[in-house]
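Here the structure comes first, spelled out in structure tokens, and everything after it is commentary.
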Amino acid sequence: MAELHVELVAADRKVWSGEARLVVARTSSGEIGVMPGHQPLLGVLESGPVTIRTTGESGDGTVIAAVHGGFISFADDKLSLLAEIAELSYEIDVERAERALEQAKADQDAAAERRADVRLRAVAVAR
């Protein structure tokens with residue numbers, strides 16, 4: 001089975017690294033799916049969940065991350081997701097994200113509302 005190497009990196013840490021057969025992310029041009037052999041690309045990541053269909057010794061699986069802005073780059077079966085902020089779905093405190101969403105709505109803070117919404121969507125996709 002063909003694979004691509006994926007690196008998901010946030011400004012403050014390496015979030016996830018491994019082999020995958022498919023990565024789906026939202027870019028400024030719309031949602032994109034990247035598989036081994038994809039044409040080289042460079043794009044702007046939009047805030048949203050990123051889905052990584054993994055391969056490896058433990059079998060196929062799925063990694064979901066909430067990504068908040070950044071860039072996506074693919075060449076030679078190597079995909080880099082360079083995010084301003086990225087959190088794996090299992091790292092997200094749902095109650096805290098729900099409180100943050102309510103507070104952002106009350107404060108009419110669109111950016112904070114978008115961040116909280118992306119976190120909650122990532123958790124929902126992972127379930």
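Ligands are numbered from 1 in the order shown, chains are lettered A, B, ... in the order of the structure tokens, and residues start at 1 in each chain.
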
Practice task
Just the strand (DSSP E) stuff from segment 37-119 of chain A, please, per backbone DSSP, written as JSON, numbers by chain.
Solution key: {"A": [41, 42, 43, 44, 45, 48, 49, 50, 51, 52, 53, 54, 61, 62, 63, 64, 65, 66, 67, 68, 69, 70, 71, 72, 73, 74, 75, 78, 79, 80, 81, 82, 83, 84, 85, 86, 87, 88]}

Practice task
Give me every alpha helix (DSSP H) residue in chain A, going by DSSP on the backbone, as a VMD selection string.
Solution key: chain A and resid 94 to 107 110 to 126

Handout entry: Nearest-residue call for Ala25 of chain A, choices A:Glu46, A:Glu84, A:Asp12, A:Glu102, using only C-alpha atoms
Key =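 Checking each candidate against Ala25 of chain A, we get A:Glu46 as the closest.
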
Give me, as a Markdown table, the closest atom pair and its distance (Å, one decimal) for every residue of segment 72-110 of chain A within a cut-off of 9 Å of segment 33-39 of chain A, counting only C-alpha atoms, rows sorted by chain and rising number.
```
| residue | atom | partner | partner_atom | distance |
| --- | --- | --- | --- | --- |
| A:Phe74 | CA | A:Gln39 | CA | 7.7 |
| A:Ala75 | CA | A:Gln39 | CA | 7.3 |
| A:Asp76 | CA | A:Gly37 | CA | 7.6 |
| A:Asp77 | CA | A:Pro36 | CA | 5.5 |
| A:Lys78 | CA | A:Pro36 | CA | 8.5 |
| A:Leu79 | CA | A:Val34 | CA | 8.3 |
```

Could you take the residues named above and write them with all heavy atoms, as a PDB file, in the first residue's frame?
```pdb
ATOM      1  N   PHE A  74       2.982  19.806  -0.001  1.00  0.00           N
ATOM      2  CA  PHE A  74       3.142  18.403  -0.361  1.00  0.00           C
ATOM      3  C   PHE A  74       4.079  18.283  -1.556  1.00  0.00           C
ATOM      4  O   PHE A  74       3.919  18.985  -2.556  1.00  0.00           O
ATOM      5  CB  PHE A  74       1.790  17.775  -0.730  1.00  0.00           C
ATOM      6  CG  PHE A  74       1.903  16.317  -1.096  1.00  0.00           C
ATOM      7  CD1 PHE A  74       2.059  15.354  -0.120  1.00  0.00           C
ATOM      8  CD2 PHE A  74       1.875  15.925  -2.419  1.00  0.00           C
ATOM      9  CE1 PHE A  74       2.187  14.009  -0.455  1.00  0.00           C
ATOM     10  CE2 PHE A  74       1.992  14.580  -2.772  1.00  0.00           C
ATOM     11  CZ  PHE A  74       2.151  13.623  -1.778  1.00  0.00           C
ATOM     12  N   ALA A  75       5.058  17.380  -1.434  1.00  0.00           N
ATOM     13  CA  ALA A  75       5.962  17.033  -2.534  1.00  0.00           C
ATOM     14  C   ALA A  75       6.638  15.723  -2.175  1.00  0.00           C
ATOM     15  O   ALA A  75       6.931  15.458  -0.999  1.00  0.00           O
ATOM     16  CB  ALA A  75       7.005  18.125  -2.757  1.00  0.00           C
ATOM     17  N   ASP A  76       6.875  14.895  -3.171  1.00  0.00           N
ATOM     18  CA  ASP A  76       7.612  13.638  -2.986  1.00  0.00           C
ATOM     19  C   ASP A  76       7.034  12.773  -1.858  1.00  0.00           C
ATOM     20  O   ASP A  76       7.780  12.212  -1.051  1.00  0.00           O
ATOM     21  CB  ASP A  76       9.098  13.911  -2.719  1.00  0.00           C
ATOM     22  CG  ASP A  76       9.761  14.677  -3.854  1.00  0.00           C
ATOM     23  OD1 ASP A  76       9.428  14.400  -5.019  1.00  0.00           O
ATOM     24  OD2 ASP A  76      10.588  15.561  -3.559  1.00  0.00           O
ATOM     25  N   ASP A  77       5.718  12.671  -1.807  1.00  0.00           N
ATOM     26  CA  ASP A  77       5.007  11.879  -0.799  1.00  0.00           C
ATOM     27  C   ASP A  77       5.324  12.295   0.635  1.00  0.00           C
ATOM     28  O   ASP A  77       5.283  11.485   1.562  1.00  0.00           O
ATOM     29  CB  ASP A  77       5.242  10.376  -0.995  1.00  0.00           C
ATOM     30  CG  ASP A  77       4.444   9.849  -2.183  1.00  0.00           C
ATOM     31  OD1 ASP A  77       3.387  10.438  -2.498  1.00  0.00           O
ATOM     32  OD2 ASP A  77       4.864   8.853  -2.791  1.00  0.00           O
ATOM     33  N   LYS A  78       5.626  13.585   0.823  1.00  0.00           N
ATOM     34  CA  LYS A  78       5.831  14.167   2.154  1.00  0.00           C
ATOM     35  C   LYS A  78       4.880  15.346   2.304  1.00  0.00           C
ATOM     36  O   LYS A  78       4.937  16.298   1.532  1.00  0.00           O
ATOM     37  CB  LYS A  78       7.270  14.619   2.338  1.00  0.00           C
ATOM     38  CG  LYS A  78       8.236  13.460   2.353  1.00  0.00           C
ATOM     39  CD  LYS A  78       9.657  13.910   2.484  1.00  0.00           C
ATOM     40  CE  LYS A  78      10.565  12.697   2.355  1.00  0.00           C
ATOM     41  NZ  LYS A  78      11.892  13.058   1.905  1.00  0.00           N
ATOM     42  N   LEU A  79       3.994  15.252   3.303  1.00  0.00           N
ATOM     43  CA  LEU A  79       3.001  16.296   3.547  1.00  0.00           C
ATOM     44  C   LEU A  79       3.342  17.008   4.845  1.00  0.00           C
ATOM     45  O   LEU A  79       3.515  16.367   5.883  1.00  0.00           O
ATOM     46  CB  LEU A  79       1.598  15.687   3.645  1.00  0.00           C
ATOM     47  CG  LEU A  79       0.475  16.685   3.910  1.00  0.00           C
ATOM     48  CD1 LEU A  79       0.220  17.549   2.677  1.00  0.00           C
ATOM     49  CD2 LEU A  79      -0.788  15.967   4.313  1.00  0.00           C
TER      50      LEU A  79
END
```

Handout entry: Pick from A:Asp117, A:Gly43, A:Gln108, A:Ala122 nearest to Ser80 of chain A, counting only C-alpha atoms
Key =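 Looking only at the distances to Ser80 of chain A, the closest residue turns out to be A:Gly43.
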
Practice task
Kindly indicate which residue among A:Val44, A:Leu22, A:Ala111, A:Arg96 lies nearest to Val63 of chain A, using only C-alpha atoms for the distances.
Solution key: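 Among A:Val44, A:Leu22, A:Ala111, A:Arg96, it is A:Leu22 that comes nearest to Val63 of chain A.
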
Handout entry: From A:Gly56, A:Tyr90, A:Ala83, A:Arg127, residue lying nearest Glu7 of chain A [only C-alpha atoms]
Key = A:Ala83

Handout entry: From A:Val94, A:Lys14, A:Phe71, A:Ala112, residue lying nearest Ser28 of chain A [only C-alpha atoms]
Key =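 Closest to Ser28 of chain A of all the choices is A:Phe71.
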
Excluding Ser47 of chain A and any residue of its chain fewer than 2 positions from it, enumerate the residues within 6 Å of it, using only C-alpha atoms, and give them as a PDB file with all heavy atoms, in the first residue's frame.
```pdb
ATOM      1  N   VAL A  67      -7.194  22.456  13.638  1.00  0.00           N
ATOM      2  CA  VAL A  67      -6.110  23.288  13.119  1.00  0.00           C
ATOM      3  C   VAL A  67      -6.636  24.706  12.931  1.00  0.00           C
ATOM      4  O   VAL A  67      -7.731  24.900  12.404  1.00  0.00           O
ATOM      5  CB  VAL A  67      -5.572  22.708  11.789  1.00  0.00           C
ATOM      6  CG1 VAL A  67      -4.589  23.648  11.144  1.00  0.00           C
ATOM      7  CG2 VAL A  67      -4.947  21.355  12.030  1.00  0.00           C
ATOM      8  N   HIS A  68      -5.845  25.671  13.365  1.00  0.00           N
ATOM      9  CA  HIS A  68      -6.241  27.069  13.287  1.00  0.00           C
ATOM     10  C   HIS A  68      -5.210  27.833  12.464  1.00  0.00           C
ATOM     11  O   HIS A  68      -4.209  28.305  12.993  1.00  0.00           O
ATOM     12  CB  HIS A  68      -6.346  27.667  14.692  1.00  0.00           C
ATOM     13  CG  HIS A  68      -7.205  26.854  15.607  1.00  0.00           C
ATOM     14  ND1 HIS A  68      -8.571  26.947  15.616  1.00  0.00           N
ATOM     15  CD2 HIS A  68      -6.883  25.910  16.518  1.00  0.00           C
ATOM     16  CE1 HIS A  68      -9.063  26.111  16.504  1.00  0.00           C
ATOM     17  NE2 HIS A  68      -8.057  25.458  17.061  1.00  0.00           N
ATOM     18  N   GLY A  69      -5.429  27.884  11.148  1.00  0.00           N
ATOM     19  CA  GLY A  69      -4.562  28.637  10.254  1.00  0.00           C
ATOM     20  C   GLY A  69      -3.215  27.987  10.027  1.00  0.00           C
ATOM     21  O   GLY A  69      -2.799  27.097  10.751  1.00  0.00           O
TER      22      GLY A  69
END
```

Practice task
Find the residues around Ala104 of chain A up to 10 Å (only C-alpha atoms counted), leave out those fewer than 4 positions away in its own chain, and share them as a PyMOL selection string.
Solution key: chain A and resi 98-100+108-116

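Residues in contact with Asp60 of chain A at up to 12 Å, not including ones fewer than 3 positions away on its chain and judged by only C-alpha atoms, are Met1, Glu3, Gly18, Glu19, Ala20, Arg21, Leu22, Ile52, Arg53, Thr54, Thr55, Gly56, Glu57 and Val63 of chain A.
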
Writing out the chosen residues with C-alpha atoms as a short mmCIF file (atom, residue, chain, number, x, y, z; two decimals), in the first residue's frame:
```cif
data_model
loop_
_atom_site.label_atom_id
_atom_site.label_comp_id
_atom_site.auth_asym_id
_atom_site.auth_seq_id
_atom_site.Cartn_x
_atom_site.Cartn_y
_atom_site.Cartn_z
CA MET A 1 0.00 0.00 0.00
CA GLU A 3 1.91 5.83 1.92
CA GLY A 18 3.61 9.30 10.89
CA GLU A 19 2.54 7.44 7.80
CA ALA A 20 -0.87 7.90 6.19
CA ARG A 21 -2.87 6.92 3.15
CA LEU A 22 -5.09 10.05 3.09
CA ILE A 52 -5.42 11.81 8.83
CA ARG A 53 -6.11 8.20 7.79
CA THR A 54 -3.08 6.42 9.19
CA THR A 55 -1.24 3.24 8.32
CA GLY A 56 1.36 1.40 10.31
CA GLU A 57 2.25 -1.57 12.46
CA VAL A 63 -6.18 10.96 13.71
#
```

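Coordinates place atom CA of Arg13 of chain A at a distance of 10.2 Å from atom CA of Glu87 of chain A.
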